[in-house]
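Reproduced below: work01.cif, with mmCIF, C-alpha atoms.
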data_run
#
loop_
_atom_site.group_PDB
_atom_site.id
_atom_site.type_symbol
_atom_site.label_atom_id
_atom_site.label_comp_id
_atom_site.auth_asym_id
_atom_site.auth_seq_id
_atom_site.Cartn_x
_atom_site.Cartn_y
_atom_site.Cartn_z
ATOM 1 C CA MET X 1 -59.793 27.194 25.001
ATOM 2 C CA SER X 2 -56.608 25.277 24.396
ATOM 3 C CA GLY X 3 -53.957 25.366 27.050
ATOM 4 C CA GLY X 4 -51.378 27.001 24.702
ATOM 5 C CA SER X 5 -53.438 30.069 23.675
ATOM 6 C CA HIS X 6 -52.630 33.577 24.867
ATOM 7 C CA ALA X 7 -56.184 34.875 24.066
ATOM 8 C CA ARG X 8 -58.219 36.432 26.816
ATOM 9 C CA PRO X 9 -60.912 34.003 28.069
ATOM 10 C CA SER X 10 -64.427 34.636 26.793
ATOM 11 C CA GLY X 11 -66.505 36.886 29.033
ATOM 12 C CA SER X 12 -63.543 38.394 30.847
ATOM 13 C CA ALA X 13 -63.165 41.562 28.822
ATOM 14 C CA GLY X 14 -63.859 43.712 31.843
ATOM 15 C CA ALA X 15 -61.988 41.580 34.342
ATOM 16 C CA GLU X 16 -58.965 43.120 35.979
ATOM 17 C CA GLU X 17 -55.593 41.483 35.508
ATOM 18 C CA PRO X 18 -54.000 40.242 38.699
ATOM 19 C CA PRO X 19 -51.308 42.615 39.984
ATOM 20 C CA ARG X 20 -47.728 41.702 39.141
ATOM 21 C CA PRO X 21 -45.764 40.346 42.083
ATOM 22 C CA ARG X 22 -43.398 42.903 43.569
ATOM 23 C CA ARG X 23 -39.698 42.156 43.870
ATOM 24 C CA THR X 24 -39.051 40.594 47.242
ATOM 25 C CA PRO X 25 -36.537 42.005 49.689
ATOM 26 C CA ALA X 26 -34.459 38.842 49.196
ATOM 27 C CA GLY X 27 -34.175 39.600 45.447
ATOM 28 C CA ARG X 28 -32.984 43.124 46.202
ATOM 29 C CA ARG X 29 -30.328 41.726 48.531
ATOM 30 C CA ARG X 30 -29.071 39.381 45.792
ATOM 31 C CA TRP X 31 -28.623 42.306 43.397
ATOM 32 C CA ARG X 32 -26.803 44.360 45.979
ATOM 33 C CA VAL X 33 -24.385 41.491 46.626
ATOM 34 C CA GLY X 34 -24.052 40.279 43.014
ATOM 35 C CA THR X 35 -23.255 43.626 41.362
ATOM 36 C CA PRO X 36 -20.033 44.273 43.313
ATOM 37 C CA LEU X 37 -18.899 40.708 42.584
ATOM 38 C CA VAL X 38 -19.350 41.224 38.824
ATOM 39 C CA VAL X 39 -17.416 44.498 38.994
ATOM 40 C CA LEU X 40 -14.600 42.821 40.913
ATOM 41 C CA ALA X 41 -14.455 39.971 38.367
ATOM 42 C CA CYS X 42 -14.224 42.440 35.444
ATOM 43 C CA GLY X 43 -11.446 44.320 37.214
ATOM 44 C CA ALA X 44 -9.524 41.081 37.725
ATOM 45 C CA LEU X 45 -9.809 40.284 33.999
ATOM 46 C CA PHE X 46 -8.455 43.723 33.080
ATOM 47 C CA VAL X 47 -5.478 43.198 35.404
ATOM 48 C CA VAL X 48 -4.723 39.748 33.929
ATOM 49 C CA SER X 49 -4.898 41.152 30.358
ATOM 50 C CA ALA X 50 -2.553 44.016 31.255
ATOM 51 C CA VAL X 51 -0.020 41.634 32.807
ATOM 52 C CA ASN X 52 -0.111 39.214 29.861
ATOM 53 C CA SER X 53 0.243 41.956 27.270
ATOM 54 C CA ASP X 54 3.284 43.416 29.077
ATOM 55 C CA GLY X 55 2.412 46.857 27.758
ATOM 56 C CA THR X 56 1.757 45.719 24.184
ATOM 57 C CA GLU X 57 -1.395 44.898 22.237
ATOM 58 C CA LEU X 58 -2.682 41.369 22.730
ATOM 59 C CA ARG X 59 -3.748 41.235 19.078
ATOM 60 C CA PRO X 60 -1.472 43.606 17.157
ATOM 61 C CA GLY X 61 -3.162 45.138 14.157
ATOM 62 C CA ARG X 62 -0.122 44.646 11.939
ATOM 63 C CA TYR X 63 -0.803 40.921 11.765
ATOM 64 C CA THR X 64 -4.177 41.595 10.189
ATOM 65 C CA ASP X 65 -2.439 43.332 7.313
ATOM 66 C CA LEU X 66 -1.134 40.765 4.812
ATOM 67 C CA ALA X 67 1.261 43.208 3.178
ATOM 68 C CA SER X 68 2.853 44.031 6.535
ATOM 69 C CA LEU X 69 3.131 40.343 7.397
ATOM 70 C CA VAL X 70 4.814 39.582 4.068
ATOM 71 C CA GLU X 71 7.221 42.489 4.602
ATOM 72 C CA ASP X 72 8.078 41.278 8.107
ATOM 73 C CA GLN X 73 8.770 37.752 6.841
ATOM 74 C CA ALA X 74 10.923 39.084 3.995
ATOM 75 C CA ASP X 75 12.946 41.225 6.420
ATOM 76 C CA ALA X 76 13.493 38.245 8.726
ATOM 77 C CA TYR X 77 14.642 36.142 5.773
ATOM 78 C CA ALA X 78 17.035 38.904 4.673
ATOM 79 C CA GLU X 79 18.588 38.961 8.139
ATOM 80 C CA LEU X 80 19.115 35.205 7.995
ATOM 81 C CA GLU X 81 20.686 35.545 4.547
ATOM 82 C CA ASP X 82 23.154 38.095 5.884
ATOM 83 C CA GLU X 83 24.024 35.763 8.747
ATOM 84 C CA VAL X 84 24.551 32.838 6.369
ATOM 85 C CA ALA X 85 26.727 34.956 4.088
ATOM 86 C CA ALA X 86 28.878 36.048 7.041
ATOM 87 C CA LEU X 87 29.334 32.442 8.164
ATOM 88 C CA ASP X 88 30.225 31.374 4.613
ATOM 89 C CA ARG X 89 32.912 34.060 4.450
ATOM 90 C CA GLU X 90 34.282 32.887 7.772
ATOM 91 C CA VAL X 91 34.378 29.268 6.608
ATOM 92 C CA THR X 92 36.096 30.290 3.366
ATOM 93 C CA ALA X 93 38.721 32.295 5.230
ATOM 94 C CA LEU X 94 39.431 29.436 7.631
ATOM 95 C CA SER X 95 39.615 26.918 4.777
ATOM 96 C CA LYS X 96 42.122 29.030 2.863
ATOM 97 C CA GLY X 97 44.303 29.116 5.946
ATOM 98 C CA VAL X 98 44.630 25.341 5.970
ATOM 99 C CA ALA X 99 47.899 24.265 4.378
ATOM 100 C CA ASP X 100 46.728 20.941 3.003
ATOM 101 C CA THR X 101 47.008 19.779 -0.614
ATOM 102 C CA ARG X 102 43.732 17.859 -0.572
ATOM 103 C CA VAL X 103 41.789 20.744 0.964
ATOM 104 C CA ASN X 104 43.250 23.166 -1.580
ATOM 105 C CA ARG X 105 42.242 20.835 -4.424
ATOM 106 C CA PHE X 106 38.648 20.745 -3.193
ATOM 107 C CA GLN X 107 38.597 24.512 -2.706
ATOM 108 C CA LYS X 108 39.702 25.013 -6.304
ATOM 109 C CA ARG X 109 36.938 22.712 -7.521
ATOM 110 C CA ILE X 110 34.391 24.597 -5.416
ATOM 111 C CA GLU X 111 35.480 27.902 -6.938
ATOM 112 C CA GLU X 112 35.002 26.449 -10.422
ATOM 113 C CA LEU X 113 31.459 25.305 -9.633
ATOM 114 C CA LYS X 114 30.299 28.487 -7.910
ATOM 115 C CA ASP X 115 29.409 30.296 -11.136
ATOM 116 C CA PRO X 116 27.242 27.575 -12.734
ATOM 117 C CA ALA X 117 25.640 26.977 -9.332
ATOM 118 C CA GLY X 118 24.515 30.615 -9.142
ATOM 119 C CA LEU X 119 26.852 31.556 -6.274
ATOM 120 C CA VAL X 120 28.588 34.300 -8.268
ATOM 121 C CA GLU X 121 27.019 37.605 -9.337
ATOM 122 C CA ARG X 122 26.176 37.915 -13.015
ATOM 123 C CA ARG X 123 25.524 41.135 -14.907
ATOM 124 C CA GLY X 124 24.982 42.083 -18.530
ATOM 125 C CA PRO X 125 22.288 42.870 -21.098
ATOM 126 C CA GLY X 126 19.016 41.019 -20.802
ATOM 127 C CA VAL X 127 15.252 41.309 -20.411
ATOM 128 C CA THR X 128 12.791 41.947 -17.602
ATOM 129 C CA ILE X 129 9.240 40.569 -17.640
ATOM 130 C CA THR X 130 6.640 41.730 -15.099
ATOM 131 C CA LEU X 131 3.503 39.724 -14.367
ATOM 132 C CA SER X 132 0.624 41.172 -12.355
ATOM 133 C CA ASP X 133 -2.980 40.471 -11.435
ATOM 134 C CA ALA X 134 -5.775 42.140 -13.363
ATOM 135 C CA PRO X 135 -6.770 45.652 -12.206
ATOM 136 C CA GLU X 136 -9.081 45.805 -9.182
ATOM 137 C CA ASP X 137 -12.026 47.137 -11.188
ATOM 138 C CA VAL X 138 -11.828 44.145 -13.537
ATOM 139 C CA ILE X 139 -11.605 41.697 -10.614
ATOM 140 C CA ASN X 140 -14.470 43.376 -8.732
ATOM 141 C CA SER X 141 -16.736 43.320 -11.783
ATOM 142 C CA ALA X 142 -16.007 39.682 -12.657
ATOM 143 C CA THR X 143 -18.857 37.222 -12.152
ATOM 144 C CA GLY X 144 -17.170 33.980 -13.157
ATOM 145 C CA ASP X 145 -13.943 32.175 -12.327
ATOM 146 C CA LEU X 146 -11.318 34.596 -10.964
ATOM 147 C CA ASN X 147 -8.322 32.333 -11.632
ATOM 148 C CA PRO X 148 -7.614 33.725 -15.131
ATOM 149 C CA LEU X 149 -7.399 37.199 -13.584
ATOM 150 C CA LEU X 150 -4.596 36.259 -11.180
ATOM 151 C CA VAL X 151 -0.917 35.349 -11.584
ATOM 152 C CA HIS X 152 -0.150 31.776 -10.534
ATOM 153 C CA GLN X 153 3.050 29.855 -9.914
ATOM 154 C CA GLN X 154 2.813 28.108 -13.277
ATOM 155 C CA ASP X 155 2.821 31.492 -15.006
ATOM 156 C CA ILE X 156 6.062 32.488 -13.274
ATOM 157 C CA GLN X 157 7.571 29.069 -13.913
ATOM 158 C CA ALA X 158 6.682 29.299 -17.609
ATOM 159 C CA VAL X 159 8.525 32.610 -17.942
ATOM 160 C CA VAL X 160 11.582 31.294 -16.081
ATOM 161 C CA ASN X 161 11.697 28.105 -18.166
ATOM 162 C CA ALA X 162 11.409 30.070 -21.415
ATOM 163 C CA LEU X 163 14.298 32.302 -20.390
ATOM 164 C CA TRP X 164 16.446 29.272 -19.562
ATOM 165 C CA LYS X 165 15.597 27.837 -22.990
ATOM 166 C CA GLY X 166 16.681 31.137 -24.506
ATOM 167 C CA GLY X 167 20.181 30.682 -23.086
ATOM 168 C CA ALA X 168 19.937 32.886 -20.001
ATOM 169 C CA THR X 169 23.095 32.754 -17.909
ATOM 170 C CA ALA X 170 21.249 33.959 -14.785
ATOM 171 C CA VAL X 171 17.602 34.498 -13.814
ATOM 172 C CA THR X 172 16.089 36.350 -10.875
ATOM 173 C CA VAL X 173 12.540 36.531 -9.511
ATOM 174 C CA GLN X 174 11.767 39.491 -7.246
ATOM 175 C CA GLY X 175 15.508 40.134 -7.211
ATOM 176 C CA GLN X 176 16.265 36.652 -5.826
ATOM 177 C CA ARG X 177 18.660 34.469 -7.798
ATOM 178 C CA VAL X 178 17.029 31.343 -9.212
ATOM 179 C CA VAL X 179 19.137 28.207 -8.739
ATOM 180 C CA SER X 180 18.561 24.494 -9.244
ATOM 181 C CA THR X 181 16.922 24.122 -5.815
ATOM 182 C CA THR X 182 14.646 27.159 -6.084
ATOM 183 C CA GLY X 183 10.987 26.377 -5.452
ATOM 184 C CA ILE X 184 8.130 28.575 -6.680
ATOM 185 C CA LYS X 185 4.680 27.869 -5.240
ATOM 186 C CA CYS X 186 1.427 29.640 -4.439
ATOM 187 C CA GLU X 187 0.657 30.400 -0.804
ATOM 188 C CA GLY X 188 -2.720 32.116 -0.422
ATOM 189 C CA ASN X 189 -2.713 35.271 -2.545
ATOM 190 C CA ALA X 190 1.104 35.425 -2.576
ATOM 191 C CA VAL X 191 3.824 33.346 -4.191
ATOM 192 C CA GLN X 192 6.572 31.764 -2.116
ATOM 193 C CA LEU X 193 10.083 31.847 -3.487
ATOM 194 C CA GLN X 194 12.674 29.894 -1.526
ATOM 195 C CA GLY X 195 10.345 29.938 1.456
ATOM 196 C CA VAL X 196 9.666 33.699 1.408
ATOM 197 C CA PRO X 197 6.182 34.992 0.417
ATOM 198 C CA TYR X 198 6.044 37.805 -2.157
ATOM 199 C CA PRO X 199 2.968 39.743 -3.305
ATOM 200 C CA GLN X 200 2.397 40.680 -6.937
ATOM 201 C CA PRO X 201 3.553 42.174 -9.258
ATOM 202 C CA TYR X 202 6.239 39.573 -10.022
ATOM 203 C CA VAL X 203 9.409 40.869 -11.685
ATOM 204 C CA ILE X 204 11.472 38.274 -13.572
ATOM 205 C CA SER X 205 14.833 39.284 -15.060
ATOM 206 C CA ALA X 206 17.381 37.361 -17.093
ATOM 207 C CA VAL X 207 20.961 37.984 -18.229
ATOM 208 C CA GLY X 208 21.673 36.786 -21.748
ATOM 209 C CA ASP X 209 21.493 37.468 -25.455
ATOM 210 C CA GLN X 210 18.383 39.598 -25.903
ATOM 211 C CA ALA X 211 17.453 38.263 -29.336
ATOM 212 C CA ASP X 212 17.629 34.650 -28.157
ATOM 213 C CA LEU X 213 15.634 35.431 -25.021
ATOM 214 C CA LEU X 214 12.904 37.187 -27.022
ATOM 215 C CA ASP X 215 12.709 34.304 -29.509
ATOM 216 C CA ALA X 216 12.293 31.810 -26.661
ATOM 217 C CA VAL X 217 9.533 33.853 -25.035
ATOM 218 C CA ASP X 218 7.710 34.464 -28.326
ATOM 219 C CA GLY X 219 7.899 30.780 -29.233
ATOM 220 C CA ASP X 220 6.453 29.477 -25.965
ATOM 221 C CA ASP X 221 2.868 28.236 -26.388
ATOM 222 C CA TYR X 222 1.928 28.716 -22.741
ATOM 223 C CA LEU X 223 3.117 32.325 -22.709
ATOM 224 C CA ALA X 224 1.295 32.962 -25.973
ATOM 225 C CA GLY X 225 -1.943 32.029 -24.198
ATOM 226 C CA TYR X 226 -1.024 34.254 -21.252
ATOM 227 C CA ARG X 227 -0.402 37.226 -23.544
ATOM 228 C CA GLU X 228 -3.800 36.642 -25.183
ATOM 229 C CA ASP X 229 -5.387 36.912 -21.738
ATOM 230 C CA ALA X 230 -3.403 40.104 -21.152
ATOM 231 C CA ASP X 231 -4.838 41.615 -24.357
ATOM 232 C CA ASP X 232 -8.408 40.590 -23.440
ATOM 233 C CA PRO X 233 -10.059 43.563 -21.639
ATOM 234 C CA ASP X 234 -12.287 41.165 -19.684
ATOM 235 C CA ILE X 235 -9.186 39.485 -18.201
ATOM 236 C CA ALA X 236 -6.416 42.101 -18.539
ATOM 237 C CA VAL X 237 -3.861 40.132 -16.528
ATOM 238 C CA GLY X 238 -0.590 42.088 -16.435
ATOM 239 C CA TRP X 239 2.245 41.479 -18.903
ATOM 240 C CA ASP X 240 5.167 43.824 -19.510
ATOM 241 C CA LEU X 241 8.475 43.074 -21.253
ATOM 242 C CA GLU X 242 11.437 45.441 -21.310
ATOM 243 C CA LEU X 243 14.905 45.190 -22.815
ATOM 244 C CA GLU X 244 17.605 46.041 -20.264
ATOM 245 C CA ASN X 245 21.092 47.302 -21.051
ATOM 246 C CA VAL X 246 22.327 45.934 -17.714
ATOM 247 C CA VAL X 247 20.651 43.278 -15.600
ATOM 248 C CA VAL X 248 22.274 42.486 -12.252
ATOM 249 C CA ALA X 249 21.689 38.979 -10.911
ATOM 250 C CA PRO X 250 23.115 38.808 -7.386
ATOM 251 C CA ALA X 251 24.750 35.639 -6.149
ATOM 252 C CA TYR X 252 22.441 33.203 -4.410
ATOM 253 C CA ALA X 253 22.783 33.797 -0.678
ATOM 254 C CA GLY X 254 20.262 31.331 0.712
ATOM 255 C CA LEU X 255 20.733 28.079 2.536
ATOM 256 C CA GLN X 256 22.749 25.458 0.698
ATOM 257 C CA ASP X 257 21.842 22.428 2.776
ATOM 258 C CA PHE X 258 20.277 19.590 0.825
ATOM 259 C CA SER X 259 17.568 17.250 2.083
ATOM 260 C CA TYR X 260 17.199 13.971 0.260
ATOM 261 C CA ALA X 261 15.790 10.520 0.781
ATOM 262 C CA THR X 262 17.822 7.332 0.979
ATOM 263 C CA PRO X 263 16.389 3.934 0.072
ATOM 264 C CA LEU X 264 15.756 1.472 2.852
ATOM 265 C CA ALA X 265 18.012 -1.548 2.985
ATOM 266 C CA THR X 266 16.353 -4.685 1.638
ATOM 267 C CA ASP X 267 16.868 -8.160 3.019
#

For this file, write the structure as structure tokens.
Amino acid sequence: MSGGSHARPSGSAGAEEPPRPRRTPAGRRRWRVGTPLVVLACGALFVVSAVNSDGTELRPGRYTDLASLVEDQADAYAELEDEVAALDREVTALSKGVADTRVNRFQKRIEELKDPAGLVERRGPGVTITLSDAPEDVINSATGDLNPLLVHQQDIQAVVNALWKGGATAVTVQGQRVVSTTGIKCEGNAVQLQGVPYPQPYVISAVGDQADLLDAVDGDDYLAGYREDADDPDIAVGWDLELENVVVAPAYAGLQDFSYATPLATD
């Protein structure tokens, strides 16, 4: 018989198995001492957790909900926008109180540039285009690449660029004014606009001549391919275009600080 086998040795079918060793009194003493120590340690951990949480959850459930997180970030950004707008008004009021010819000349130039820079509200007739992911049942039943079923930053950028080509005087995405420094980029399953994440659907509006805007959208090759995907029931990505009697494009209220690189001095 090999040393690793668990078979009963030949000829020992009727042999009695040796009795199992009983727990020694020393073992019982260890259990009696160890159990209270474990209970005390668990109690100490509960106390530490309660102190650290300060009456709140250590892992709040709201942070596991992406929609709630996006909403919280958007609210925080809106508060900062209000603060920036208040400071801008204060600076403007103080500047107007300065009786200096040079300052007044610069203030006049700033007022002239505010409109083309997107710092003045625009309103008028225009169009609204809404992009959205494919319905959940289409996404859940898909077996191949899911990218065609989702809205990406290049889709939003294509719509915005087409509207600019159509002579739009103002464009908004999710109600936020698009200016020369606006950045649109994907961040997980949301799109960031000026640093704020927004979930789909994505609403893009433009103020301008409706006929020119429609011609620009219809003549864009990229958007033609997108609309083909929208008509394909196996993709069914969302596309909706509406003519608006009045589109309101609020003034840009975000940060206006610029970051730029400067070349290093050469010897």

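Residues matched by the PyMOL selection byres ((chain X and resi 118) around 6) in this structure: Asp115, Pro116, Ala117, Leu119, Val120, Val179, Ala251 and Tyr252 of chain X.
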
Seminar exercise, completed: With distances taken over only C-alpha atoms, the candidate from X:Ala230, X:Leu214, X:Val84, X:Tyr222 nearest X:Ile156 is X:Tyr222

For this session: Return as a PyMOL selection string the set of residues that the PyMOL selection byres ((chain X and resi 199) around 9) yields on the displayed structure.
Result: chain X and resi 67+70+189-192+197-198+200-202

Can you spit out the residues from that selection as a CSV table (one decimal), in the frame of the given file, using C-alpha atoms?
chain,number,residue,atom,x,y,z
X,67,ALA,CA,1.3,43.2,3.2
X,70,VAL,CA,4.8,39.6,4.1
X,189,ASN,CA,-2.7,35.3,-2.5
X,190,ALA,CA,1.1,35.4,-2.6
X,191,VAL,CA,3.8,33.3,-4.2
X,192,GLN,CA,6.6,31.8,-2.1
X,197,PRO,CA,6.2,35.0,0.4
X,198,TYR,CA,6.0,37.8,-2.2
X,200,GLN,CA,2.4,40.7,-6.9
X,201,PRO,CA,3.6,42.2,-9.3
X,202,TYR,CA,6.2,39.6,-10.0

Problem set entry | Proximity to X:Arg123 - best of X:Ala249, X:Ile204, X:Cys186, X:Leu80, only C-alpha atoms | X:Ala249

For this session: Give me, please, the distance in Å between atom CA of X:Thr172 and atom CA of X:Val138, quoted to one decimal.
Result: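 Straight-line distance from atom CA of X:Thr172 to atom CA of X:Val138 works out to 29.1 Å.
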
Problem set entry | Residues in the PyMOL selection byres ((chain X and resi 216) around 8), expressed as a PyMOL selection string | chain X and resi 162-163+165-166+212-215+217-220

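What separates atom CA of X:Ala224 from atom CA of X:Ala168 is a distance of 19.6 Å.
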